[in-house]
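What follows is the content of entry07.pdb, which has PDB, C-alpha atoms and all ligand atoms:
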```pdb
ATOM      1  CA  MET A   1     -10.176 -29.944 -12.128
ATOM      2  CA  MET A   2      -7.003 -28.069 -11.203
ATOM      3  CA  GLY A   3      -4.103 -30.236 -10.005
ATOM      4  CA  GLU A   4      -0.962 -29.311  -8.081
ATOM      5  CA  ASP A   5       0.594 -27.707 -11.185
ATOM      6  CA  GLY A   6      -2.192 -25.116 -11.228
ATOM      7  CA  TYR A   7      -3.433 -24.091 -14.676
ATOM      8  CA  PHE A   8      -0.076 -24.767 -16.330
ATOM      9  CA  ASP A   9      -0.299 -28.546 -16.180
ATOM     10  CA  GLU A  10       1.349 -31.141 -18.458
ATOM     11  CA  ARG A  11      -1.054 -30.416 -21.307
ATOM     12  CA  VAL A  12      -0.426 -26.655 -21.212
ATOM     13  CA  ALA A  13       3.322 -27.060 -20.584
ATOM     14  CA  ALA A  14       3.701 -29.374 -23.580
ATOM     15  CA  ARG A  15       2.379 -26.672 -25.916
ATOM     16  CA  TYR A  16       3.445 -23.488 -24.096
ATOM     17  CA  ASP A  17       6.451 -22.496 -26.217
ATOM     18  CA  GLU A  18       4.605 -23.186 -29.457
ATOM     19  CA  SER A  19       1.443 -21.352 -28.357
ATOM     20  CA  ALA A  20       3.450 -18.337 -27.225
ATOM     21  CA  ALA A  21       5.950 -18.553 -30.111
ATOM     22  CA  GLU A  22       5.685 -14.841 -30.986
ATOM     23  CA  LEU A  23       6.734 -13.935 -27.455
ATOM     24  CA  PHE A  24       9.908 -15.996 -27.798
ATOM     25  CA  GLU A  25      11.070 -13.851 -30.754
ATOM     26  CA  PRO A  26      14.309 -11.945 -30.036
ATOM     27  CA  ALA A  27      12.508  -8.704 -30.944
ATOM     28  CA  VAL A  28      10.232  -9.273 -27.930
ATOM     29  CA  VAL A  29      12.664 -10.941 -25.527
ATOM     30  CA  ASP A  30      15.791  -8.815 -26.030
ATOM     31  CA  PRO A  31      14.406  -5.425 -24.893
ATOM     32  CA  ALA A  32      13.034  -7.043 -21.714
ATOM     33  CA  VAL A  33      16.329  -8.757 -21.027
ATOM     34  CA  ASP A  34      18.194  -5.476 -21.656
ATOM     35  CA  VAL A  35      16.162  -3.698 -18.968
ATOM     36  CA  LEU A  36      16.403  -6.568 -16.483
ATOM     37  CA  ALA A  37      20.153  -7.062 -17.009
ATOM     38  CA  GLU A  38      20.724  -3.349 -16.427
ATOM     39  CA  LEU A  39      18.682  -3.410 -13.212
ATOM     40  CA  ALA A  40      20.399  -6.600 -12.032
ATOM     41  CA  GLY A  41      23.834  -5.023 -12.412
ATOM     42  CA  SER A  42      26.266  -7.328 -10.655
ATOM     43  CA  GLY A  43      23.501  -8.816  -8.484
ATOM     44  CA  ARG A  44      21.015 -11.685  -8.797
ATOM     45  CA  ALA A  45      17.572 -11.743 -10.451
ATOM     46  CA  LEU A  46      14.428 -13.420  -9.118
ATOM     47  CA  GLU A  47      11.683 -14.344 -11.584
ATOM     48  CA  LEU A  48       8.142 -14.956 -10.339
ATOM     49  CA  GLY A  49       6.334 -17.456 -12.550
ATOM     50  CA  LEU A  50       9.473 -18.704 -14.294
ATOM     51  CA  GLY A  51       7.618 -20.856 -16.808
ATOM     52  CA  THR A  52       9.834 -22.560 -19.381
ATOM     53  CA  GLY A  53      12.530 -19.892 -19.112
ATOM     54  CA  ARG A  54      11.519 -17.546 -21.929
ATOM     55  CA  ILE A  55      13.166 -14.592 -20.114
ATOM     56  CA  ALA A  56      15.267 -16.363 -17.467
ATOM     57  CA  LEU A  57      17.442 -18.280 -19.949
ATOM     58  CA  PRO A  58      18.538 -15.311 -22.090
ATOM     59  CA  LEU A  59      18.995 -13.226 -18.929
ATOM     60  CA  ALA A  60      21.260 -15.925 -17.471
ATOM     61  CA  GLN A  61      23.149 -15.996 -20.785
ATOM     62  CA  ARG A  62      24.012 -12.346 -20.135
ATOM     63  CA  GLY A  63      25.796 -13.453 -16.990
ATOM     64  CA  VAL A  64      23.034 -12.629 -14.492
ATOM     65  CA  PRO A  65      22.423 -15.382 -11.913
ATOM     66  CA  VAL A  66      18.681 -16.082 -12.108
ATOM     67  CA  HIS A  67      16.463 -17.919  -9.635
ATOM     68  CA  GLY A  68      12.791 -18.567 -10.280
ATOM     69  CA  ILE A  69       9.696 -19.385  -8.274
ATOM     70  CA  GLU A  70       7.297 -21.578 -10.206
ATOM     71  CA  LEU A  71       4.144 -23.420  -9.181
ATOM     72  CA  SER A  72       4.114 -25.897 -12.040
ATOM     73  CA  LYS A  73       6.564 -28.784 -12.005
ATOM     74  CA  ALA A  74       5.518 -29.486 -15.586
ATOM     75  CA  MET A  75       6.628 -26.003 -16.713
ATOM     76  CA  ALA A  76       9.878 -26.230 -14.714
ATOM     77  CA  ALA A  77      10.605 -29.619 -16.292
ATOM     78  CA  LYS A  78      10.369 -28.005 -19.755
ATOM     79  CA  LEU A  79      12.923 -25.403 -18.650
ATOM     80  CA  ARG A  80      15.246 -28.133 -17.388
ATOM     81  CA  GLU A  81      15.202 -29.817 -20.827
ATOM     82  CA  LYS A  82      16.664 -26.717 -22.491
ATOM     83  CA  PRO A  83      20.365 -25.862 -22.856
ATOM     84  CA  GLY A  84      21.356 -23.858 -19.768
ATOM     85  CA  GLY A  85      18.155 -24.895 -17.975
ATOM     86  CA  ASP A  86      20.006 -26.569 -15.142
ATOM     87  CA  GLU A  87      21.815 -23.304 -14.338
ATOM     88  CA  ILE A  88      18.573 -21.597 -13.294
ATOM     89  CA  GLY A  89      17.683 -22.154  -9.633
ATOM     90  CA  VAL A  90      14.060 -23.196  -9.201
ATOM     91  CA  THR A  91      11.860 -23.089  -6.130
ATOM     92  CA  ILE A  92       8.577 -24.908  -6.642
ATOM     93  CA  GLY A  93       5.903 -22.902  -4.844
ATOM     94  CA  ASP A  94       3.523 -19.952  -4.873
ATOM     95  CA  PHE A  95       5.337 -16.699  -5.605
ATOM     96  CA  ALA A  96       3.046 -14.785  -3.255
ATOM     97  CA  THR A  97       4.500 -16.644  -0.287
ATOM     98  CA  ALA A  98       7.447 -18.884  -1.234
ATOM     99  CA  THR A  99      10.832 -17.880   0.115
ATOM    100  CA  VAL A 100      14.256 -18.189  -1.463
ATOM    101  CA  ASP A 101      17.664 -17.909   0.235
ATOM    102  CA  GLY A 102      19.665 -14.734  -0.277
ATOM    103  CA  THR A 103      18.720 -11.351  -1.692
ATOM    104  CA  PHE A 104      18.241 -10.026  -5.209
ATOM    105  CA  SER A 105      18.935  -6.752  -6.982
ATOM    106  CA  VAL A 106      15.917  -7.232  -9.241
ATOM    107  CA  ALA A 107      12.731  -9.279  -9.079
ATOM    108  CA  TYR A 108      10.348  -9.439 -12.014
ATOM    109  CA  VAL A 109       7.046 -10.895 -13.131
ATOM    110  CA  VAL A 110       6.196 -10.629 -16.826
ATOM    111  CA  PHE A 111       3.498 -11.507 -19.339
ATOM    112  CA  ASN A 112       0.541 -10.630 -17.063
ATOM    113  CA  THR A 113       1.566 -13.312 -14.562
ATOM    114  CA  ILE A 114       0.868 -11.058 -11.555
ATOM    115  CA  MET A 115      -2.788 -11.457 -12.613
ATOM    116  CA  ASN A 116      -2.546 -15.214 -11.997
ATOM    117  CA  LEU A 117      -2.931 -14.264  -8.337
ATOM    118  CA  THR A 118      -6.711 -14.027  -8.288
ATOM    119  CA  THR A 119      -7.264 -12.139  -5.024
ATOM    120  CA  GLN A 120      -6.174  -8.706  -3.846
ATOM    121  CA  THR A 121      -4.835 -10.354  -0.683
ATOM    122  CA  ALA A 122      -2.509 -12.588  -2.708
ATOM    123  CA  GLN A 123      -1.315  -9.713  -4.894
ATOM    124  CA  VAL A 124      -0.564  -7.574  -1.818
ATOM    125  CA  ALA A 125       1.271 -10.548  -0.274
ATOM    126  CA  CYS A 126       3.310 -10.890  -3.468
ATOM    127  CA  PHE A 127       4.566  -7.297  -3.246
ATOM    128  CA  GLY A 128       5.473  -7.886   0.407
ATOM    129  CA  ASN A 129       7.250 -11.127  -0.445
ATOM    130  CA  VAL A 130       9.247  -9.441  -3.201
ATOM    131  CA  ALA A 131      10.256  -6.543  -0.929
ATOM    132  CA  ALA A 132      11.530  -9.078   1.616
ATOM    133  CA  HIS A 133      13.770 -10.633  -1.075
ATOM    134  CA  LEU A 134      15.190  -7.383  -2.502
ATOM    135  CA  GLU A 135      18.417  -5.728  -1.464
ATOM    136  CA  PRO A 136      18.075  -2.090  -0.400
ATOM    137  CA  GLY A 137      17.909  -0.150  -3.680
ATOM    138  CA  GLY A 138      16.662  -3.260  -5.514
ATOM    139  CA  CYS A 139      13.789  -3.102  -7.991
ATOM    140  CA  PHE A 140      10.571  -4.984  -8.679
ATOM    141  CA  VAL A 141       9.504  -4.996 -12.349
ATOM    142  CA  VAL A 142       5.997  -5.927 -13.473
ATOM    143  CA  GLU A 143       4.855  -6.277 -17.086
ATOM    144  CA  VAL A 144       1.078  -6.408 -17.186
ATOM    145  CA  LEU A 145      -1.860  -5.247 -19.261
ATOM    146  CA  VAL A 146      -3.974  -2.212 -18.509
ATOM    147  CA  PRO A 147      -7.523  -3.490 -17.894
ATOM    148  CA  ASP A 148      -9.365  -3.302 -21.214
ATOM    149  CA  LEU A 149     -12.650  -2.050 -19.757
ATOM    150  CA  ARG A 150     -12.868   0.942 -22.112
ATOM    151  CA  ARG A 151     -13.593  -1.618 -24.841
ATOM    152  CA  LEU A 152     -16.288  -3.451 -22.870
ATOM    153  CA  PRO A 153     -19.692  -1.841 -23.516
ATOM    154  CA  PRO A 154     -22.045  -1.593 -20.515
ATOM    155  CA  GLY A 155     -23.924  -4.874 -20.099
ATOM    156  CA  ASP A 156     -21.387  -6.942 -22.057
ATOM    157  CA  THR A 157     -19.153  -9.408 -20.245
ATOM    158  CA  SER A 158     -16.972 -10.860 -23.015
ATOM    159  CA  ARG A 159     -14.377  -9.518 -25.432
ATOM    160  CA  VAL A 160     -12.530 -11.279 -28.230
ATOM    161  CA  PHE A 161      -8.837 -10.428 -27.869
ATOM    162  CA  ASP A 162      -7.460 -12.690 -30.588
ATOM    163  CA  ALA A 163      -8.988 -14.266 -33.679
ATOM    164  CA  SER A 164      -6.917 -16.306 -36.103
ATOM    165  CA  ASP A 165      -7.178 -19.579 -38.019
ATOM    166  CA  THR A 166      -5.497 -21.424 -35.171
ATOM    167  CA  HIS A 167      -6.454 -19.497 -32.036
ATOM    168  CA  TRP A 168      -9.440 -17.637 -30.633
ATOM    169  CA  GLY A 169      -9.055 -15.806 -27.354
ATOM    170  CA  ILE A 170     -12.042 -14.524 -25.412
ATOM    171  CA  ASP A 171     -11.881 -12.670 -22.086
ATOM    172  CA  GLU A 172     -14.947 -13.027 -19.869
ATOM    173  CA  TYR A 173     -15.183 -10.225 -17.291
ATOM    174  CA  ASP A 174     -16.567 -10.208 -13.764
ATOM    175  CA  VAL A 175     -16.289  -6.451 -13.334
ATOM    176  CA  ALA A 176     -17.634  -6.321  -9.760
ATOM    177  CA  ASN A 177     -14.758  -8.516  -8.610
ATOM    178  CA  GLN A 178     -12.009  -7.320 -10.980
ATOM    179  CA  GLY A 179     -12.003 -10.837 -12.307
ATOM    180  CA  LEU A 180     -11.646 -12.209 -15.787
ATOM    181  CA  VAL A 181     -11.411 -15.643 -17.262
ATOM    182  CA  SER A 182      -9.373 -15.966 -20.453
ATOM    183  CA  HIS A 183     -10.693 -18.677 -22.734
ATOM    184  CA  HIS A 184      -8.238 -19.946 -25.351
ATOM    185  CA  PHE A 185      -9.609 -22.057 -28.201
ATOM    186  CA  GLU A 186      -6.553 -23.497 -29.930
ATOM    187  CA  LEU A 187      -6.306 -25.719 -32.990
ATOM    188  CA  VAL A 188      -4.434 -28.889 -32.002
ATOM    189  CA  ASP A 189      -4.219 -31.797 -34.468
ATOM    190  CA  GLY A 190      -7.210 -30.507 -36.439
ATOM    191  CA  ARG A 191      -9.501 -29.951 -33.415
ATOM    192  CA  PHE A 192     -10.099 -26.871 -31.282
ATOM    193  CA  GLU A 193      -9.151 -27.452 -27.648
ATOM    194  CA  LEU A 194     -10.268 -25.130 -24.859
ATOM    195  CA  VAL A 195      -8.060 -23.929 -22.008
ATOM    196  CA  SER A 196      -9.597 -21.401 -19.568
ATOM    197  CA  MET A 197      -7.688 -19.527 -16.862
ATOM    198  CA  PRO A 198      -8.858 -17.091 -14.174
ATOM    199  CA  PHE A 199      -7.126 -13.770 -13.523
ATOM    200  CA  ARG A 200      -7.512 -10.713 -11.320
ATOM    201  CA  TYR A 201      -6.841  -7.454 -13.100
ATOM    202  CA  ALA A 202      -5.625  -4.353 -11.304
ATOM    203  CA  TRP A 203      -5.115  -0.749 -12.366
ATOM    204  CA  PRO A 204      -1.620   0.720 -12.229
ATOM    205  CA  ALA A 205      -2.668   2.903  -9.284
ATOM    206  CA  GLU A 206      -3.735  -0.153  -7.276
ATOM    207  CA  LEU A 207      -0.364  -1.789  -7.949
ATOM    208  CA  ASP A 208       1.351   1.437  -6.800
ATOM    209  CA  LEU A 209      -0.571   1.194  -3.549
ATOM    210  CA  MET A 210       0.474  -2.446  -3.128
ATOM    211  CA  ALA A 211       4.069  -1.337  -3.639
ATOM    212  CA  GLU A 212       3.620   1.425  -1.075
ATOM    213  CA  LEU A 213       2.222  -1.079   1.436
ATOM    214  CA  ALA A 214       5.469  -3.006   0.899
ATOM    215  CA  ALA A 215       7.497   0.204   1.419
ATOM    216  CA  MET A 216       8.546   0.451  -2.247
ATOM    217  CA  ARG A 217       8.095   3.480  -4.481
ATOM    218  CA  LEU A 218       7.458   3.872  -8.202
ATOM    219  CA  ARG A 219      10.653   4.611 -10.110
ATOM    220  CA  ASP A 220       9.531   4.199 -13.735
ATOM    221  CA  ARG A 221       6.453   3.311 -15.718
ATOM    222  CA  TRP A 222       6.677   2.710 -19.446
ATOM    223  CA  SER A 223       4.244   1.261 -21.948
ATOM    224  CA  GLY A 224       6.873  -1.255 -23.086
ATOM    225  CA  TRP A 225      10.385  -2.541 -22.614
ATOM    226  CA  GLN A 226      11.858   0.069 -24.989
ATOM    227  CA  ARG A 227      10.861   2.591 -22.304
ATOM    228  CA  GLU A 228       8.092   4.054 -24.455
ATOM    229  CA  PRO A 229       6.018   6.684 -22.608
ATOM    230  CA  PHE A 230       3.017   5.413 -20.669
ATOM    231  CA  THR A 231      -0.089   7.283 -21.848
ATOM    232  CA  SER A 232      -3.886   7.128 -21.634
ATOM    233  CA  GLU A 233      -3.840   4.884 -24.727
ATOM    234  CA  SER A 234      -1.284   2.377 -23.397
ATOM    235  CA  ARG A 235      -2.595  -1.180 -23.415
ATOM    236  CA  GLN A 236       0.102  -2.499 -21.080
ATOM    237  CA  HIS A 237       2.761  -1.190 -18.746
ATOM    238  CA  VAL A 238       6.178  -2.078 -17.512
ATOM    239  CA  SER A 239       6.461  -0.667 -14.007
ATOM    240  CA  VAL A 240       9.548  -0.486 -11.828
ATOM    241  CA  TRP A 241       9.253  -0.018  -8.068
ATOM    242  CA  GLU A 242      12.295   0.486  -5.893
ATOM    243  CA  LYS A 243      13.008  -0.617  -2.353
ATOM    244  CA  PRO A 244      14.602   2.395  -0.654
ATOM    245  CA  SER A 245      18.336   2.048   0.012
ATOM    246  CA  VAL A 246      17.650   2.690   3.721
TER     247      VAL A 246
HETATM  248  C1  LIG B   1       2.030 -16.924 -18.572
HETATM  249  S1  LIG B   1       3.213 -18.015 -17.871
HETATM  250  C2  LIG B   1       4.655 -17.012 -17.981
HETATM  251  C3  LIG B   1       5.915 -17.822 -17.974
HETATM  252  C4  LIG B   1       7.178 -17.026 -18.227
HETATM  253  N1  LIG B   1       7.383 -16.021 -17.208
HETATM  254  C5  LIG B   1       7.114 -16.356 -19.581
HETATM  255  O1  LIG B   1       7.146 -15.133 -19.638
HETATM  256  O2  LIG B   1       7.028 -17.065 -20.581
HETATM  257  C6  LIG B   1       2.814 -17.933 -16.149
HETATM  258  C7  LIG B   1       3.678 -18.856 -15.293
HETATM  259  O3  LIG B   1       3.475 -18.510 -13.922
HETATM  260  C8  LIG B   1       3.241 -19.676 -13.166
HETATM  261  N2  LIG B   1       2.408 -19.296 -12.020
HETATM  262  C9  LIG B   1       1.130 -18.872 -12.044
HETATM  263  N3  LIG B   1       0.709 -18.578 -10.800
HETATM  264  C10 LIG B   1       1.753 -18.835  -9.980
HETATM  265  C11 LIG B   1       1.963 -18.714  -8.577
HETATM  266  N4  LIG B   1       0.991 -18.252  -7.777
HETATM  267  N5  LIG B   1       3.154 -19.060  -8.065
HETATM  268  C12 LIG B   1       4.159 -19.529  -8.886
HETATM  269  N6  LIG B   1       4.024 -19.646 -10.217
HETATM  270  C13 LIG B   1       2.844 -19.301 -10.751
HETATM  271  C14 LIG B   1       2.559 -20.629 -14.120
HETATM  272  O4  LIG B   1       2.671 -21.976 -13.701
HETATM  273  C15 LIG B   1       3.283 -20.320 -15.420
HETATM  274  O5  LIG B   1       4.436 -21.102 -15.563
END
```
Kindly present the structure from the file in structure tokens form.
Ligand SMILES: C[S@@+](CC[C@H](N)C(=O)[O-])C[C@H]1O[C@@H](n2cnc3c(N)ncnc32)[C@H](O)[C@@H]1O
Amino acid sequence: MMGEDGYFDERVAARYDESAAELFEPAVVDPAVDVLAELAGSGRALELGLGTGRIALPLAQRGVPVHGIELSKAMAAKLREKPGGDEIGVTIGDFATATVDGTFSVAYVVFNTIMNLTTQTAQVACFGNVAAHLEPGGCFVVEVLVPDLRRLPPGDTSRVFDASDTHWGIDEYDVANQGLVSHHFELVDGRFELVSMPFRYAWPAELDLMAELAAMRLRDRWSGWQREPFTSESRQHVSVWEKPSV
């Protein structure tokens, strides 16, 4: 049963930083923060799906005022416990629709979190909501995977995306609906625990169309935060759409 914290409830929040430890490494975080700080300039940054502050905290440490929209009070509480956590503004709500006072020079949603919106309607609404919060000339940055369907043989529905002594990850596809459920089997205190979460995947071109519907245009698309070229073999993309400066 899903409660008001969504899929990132107390149990998930308690283990989030440990489970995603590799993503907290400076080698992963710093290039993302570099790009976001540059786009923020002297303005403010809005994070969608703030989580426990993996990106927001180091971005704020660079002097960028950061505000986040986050559904899960449990995740936001973990952020608050950290040094500097009380300097990040938090709005508890759904980032497809929640509103925040003021405007931002950059808004961003990382680590596949745009896919947590499981309908096209919600994803389109999210682009519209972001555009409404951006200053003219402001940017929306999305870090998200490229759907892995080239690795899914016809007739199969599941793909193992991680296999280690402590974690097995299996994606279960519903291709007709662009849906997938990620199943995480994680070793906790000597027993494997299962956490499953639904996602909606979208191709880069569909996201471009959502941006266009929100009157934004593609400015950059890289395969990573070091601005590596995006190619046919890229497994993820970092895309930057711009709200025209009138
Ligand atoms: C994978 S975590 C990413 C957290 C953080 N951005 C990071 O990179 O570590 C996804 C976060 O988005 C939040 N989230 C998911 N759907 C949301 C929604 N519709 N509105 C607001 N927050 C949402 C979850 O509660 C969770 O904290």
Could you give me the residues within 9 Å of ligand LIG 1 (chain B), counting all atoms listed in the file, as a compact mmCIF listing (two decimals) with C-alpha atoms, keeping the file's coordinate frame?
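Wrote it out as out.txt, contents follow:
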```
# COMPACT_ATOMS: atom_id res chain seq x y z
CA ASP A 5 0.59 -27.71 -11.18
CA GLY A 6 -2.19 -25.12 -11.23
CA TYR A 7 -3.43 -24.09 -14.68
CA PHE A 8 -0.08 -24.77 -16.33
CA ASP A 9 -0.30 -28.55 -16.18
CA ALA A 13 3.32 -27.06 -20.58
CA TYR A 16 3.44 -23.49 -24.10
CA ASP A 17 6.45 -22.50 -26.22
CA ALA A 20 3.45 -18.34 -27.22
CA LEU A 23 6.73 -13.94 -27.46
CA PHE A 24 9.91 -16.00 -27.80
CA GLU A 47 11.68 -14.34 -11.58
CA LEU A 48 8.14 -14.96 -10.34
CA GLY A 49 6.33 -17.46 -12.55
CA LEU A 50 9.47 -18.70 -14.29
CA GLY A 51 7.62 -20.86 -16.81
CA THR A 52 9.83 -22.56 -19.38
CA GLY A 53 12.53 -19.89 -19.11
CA ARG A 54 11.52 -17.55 -21.93
CA ILE A 55 13.17 -14.59 -20.11
CA ALA A 56 15.27 -16.36 -17.47
CA GLY A 68 12.79 -18.57 -10.28
CA ILE A 69 9.70 -19.39 -8.27
CA GLU A 70 7.30 -21.58 -10.21
CA LEU A 71 4.14 -23.42 -9.18
CA SER A 72 4.11 -25.90 -12.04
CA LYS A 73 6.56 -28.78 -12.00
CA ALA A 74 5.52 -29.49 -15.59
CA MET A 75 6.63 -26.00 -16.71
CA ALA A 76 9.88 -26.23 -14.71
CA THR A 91 11.86 -23.09 -6.13
CA ILE A 92 8.58 -24.91 -6.64
CA GLY A 93 5.90 -22.90 -4.84
CA ASP A 94 3.52 -19.95 -4.87
CA PHE A 95 5.34 -16.70 -5.60
CA ALA A 96 3.05 -14.78 -3.26
CA THR A 97 4.50 -16.64 -0.29
CA ALA A 98 7.45 -18.88 -1.23
CA TYR A 108 10.35 -9.44 -12.01
CA VAL A 109 7.05 -10.90 -13.13
CA VAL A 110 6.20 -10.63 -16.83
CA PHE A 111 3.50 -11.51 -19.34
CA ASN A 112 0.54 -10.63 -17.06
CA THR A 113 1.57 -13.31 -14.56
CA ILE A 114 0.87 -11.06 -11.56
CA MET A 115 -2.79 -11.46 -12.61
CA ASN A 116 -2.55 -15.21 -12.00
CA LEU A 117 -2.93 -14.26 -8.34
CA THR A 118 -6.71 -14.03 -8.29
CA ALA A 122 -2.51 -12.59 -2.71
CA CYS A 126 3.31 -10.89 -3.47
```
Query raised in the report: Hey, what's within 8 Å of segment 29-39 of chain A if we count all atoms listed in the file and toss same-chain stuff fewer than 4 positions away? As a list in words, please?
Result: Leu23, Phe24, Glu25, Arg54, Ile55, Pro58, Leu59, Arg62, Val64, Ser105, Val106, Gly138, Cys139, Trp225 and Gln226 of chain A
Query raised in the report: Between atom CA of Ser223 of chain A and atom CA of Val195 of chain A, what is the spacing in Å?
Result: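 Computing the Euclidean distance for atom CA of Val195 of chain A and atom CA of Ser223 of chain A yields 28.0 Å.
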**Report entry** Gap from atom CA of Ser158 of chain A to atom CA of Asp171 of chain A - Å, one decimal
**Finding:**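 For atom CA of Ser158 of chain A relative to atom CA of Asp171 of chain A, the distance reads 5.5 Å.
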Query raised in the report: Which distance in Å separates atom CA of Ser196 of chain A and atom CA of Gln178 of chain A, to one decimal?
Result: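 Atom-to-atom, atom CA of Ser196 of chain A to atom CA of Gln178 of chain A, that is 16.7 Å.
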Query raised in the report: Any chance you could work out the residue set of the PyMOL selection byres (((chain A and resi 187-194) around 10) and not hetatm) here, as a PyMOL selection string?
Result: chain A and resi 15+164-169+183-186+195-196
Report task. Name the residues captured by the PyMOL selection byres (((chain A and resi 150) around 12) and not hetatm) when it is applied to the shown file; answer as a PyMOL selection string. Result -> chain A and resi 146-149+151-154+156+159+175+232-235
Query raised in the report: Smallest atom-to-atom distance to Ala131 of chain A: which of A:Ala14, A:Met216, A:Ala77, A:Leu145, using all atoms listed in the file?
Result: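 The shortest atom-to-atom distance to Ala131 of chain A comes from A:Met216.
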Requested in this report: Rank A:Gly128, A:Gly41, A:Glu81, A:Phe199 by their smallest atom-to-atom distance to Asp174 of chain A, using only C-alpha atoms, and report the top residue only.
Outcome: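 Using only C-alpha atoms, the shortest distance to Asp174 of chain A belongs to A:Phe199.
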**Report entry** Residue nearest Trp203 of chain A - candidates A:Ser19, A:Trp241, A:Leu79, A:Gln236, atoms counted: all atoms listed in the file
**Finding:**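 Answer, going by the shortest atom-to-atom distance: A:Gln236.
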Query - Exercise: Asn177 of chain A partners within 10 Å, only C-alpha atoms, chain neighbours under 4 positions left out, as a ChimeraX atom specification - result: /A:118-120,173,200-201
Report task. Considering all atoms listed in the file, return as a list in words whatever protein or nucleic-acid residues lie within 6 Å of Ala107 of chain A, sequence-local ones (same chain, fewer than 4 positions apart) excluded. Result ->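 My reading of the contact set: Ala45, Leu46, Glu47 and Phe140 of chain A.
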How would segment 73-105 of chain A of the given structure read as a file with C-alpha atoms, as a short mmCIF file (atom, residue, chain, number, x, y, z; two decimals), in the first residue's frame?
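Output file out.cif follows:
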```
data_model
loop_
_atom_site.label_atom_id
_atom_site.label_comp_id
_atom_site.auth_asym_id
_atom_site.auth_seq_id
_atom_site.Cartn_x
_atom_site.Cartn_y
_atom_site.Cartn_z
CA LYS A 73 8.10 14.10 4.13
CA ALA A 74 10.32 11.20 5.15
CA MET A 75 12.91 12.09 2.47
CA ALA A 76 12.71 15.82 3.32
CA ALA A 77 13.23 15.00 7.00
CA LYS A 78 16.50 13.22 6.09
CA LEU A 79 17.63 16.36 4.26
CA ARG A 80 16.79 18.50 7.28
CA GLU A 81 19.04 16.34 9.50
CA LYS A 82 22.11 17.17 7.39
CA PRO A 83 24.42 20.18 7.82
CA GLY A 84 23.00 22.99 5.68
CA GLY A 85 19.69 21.13 5.29
CA ASP A 86 17.68 23.90 6.88
CA GLU A 87 18.93 26.38 4.26
CA ILE A 88 17.12 24.54 1.46
CA GLY A 89 13.51 25.68 0.99
CA VAL A 90 11.13 22.74 0.74
CA THR A 91 7.61 22.59 -0.64
CA ILE A 92 5.90 19.29 0.13
CA GLY A 93 3.83 18.38 -2.92
CA ASP A 94 3.71 16.89 -6.40
CA PHE A 95 6.22 18.54 -8.72
CA ALA A 96 3.85 18.23 -11.67
CA THR A 97 1.48 20.72 -10.06
CA ALA A 98 2.90 22.27 -6.87
CA THR A 99 3.70 25.96 -7.00
CA VAL A 100 6.50 27.89 -5.34
CA ASP A 101 6.79 31.67 -4.86
CA GLY A 102 9.18 33.58 -7.09
CA THR A 103 11.01 32.60 -10.26
CA PHE A 104 14.11 30.54 -10.97
CA SER A 105 16.96 30.71 -13.45
#
```
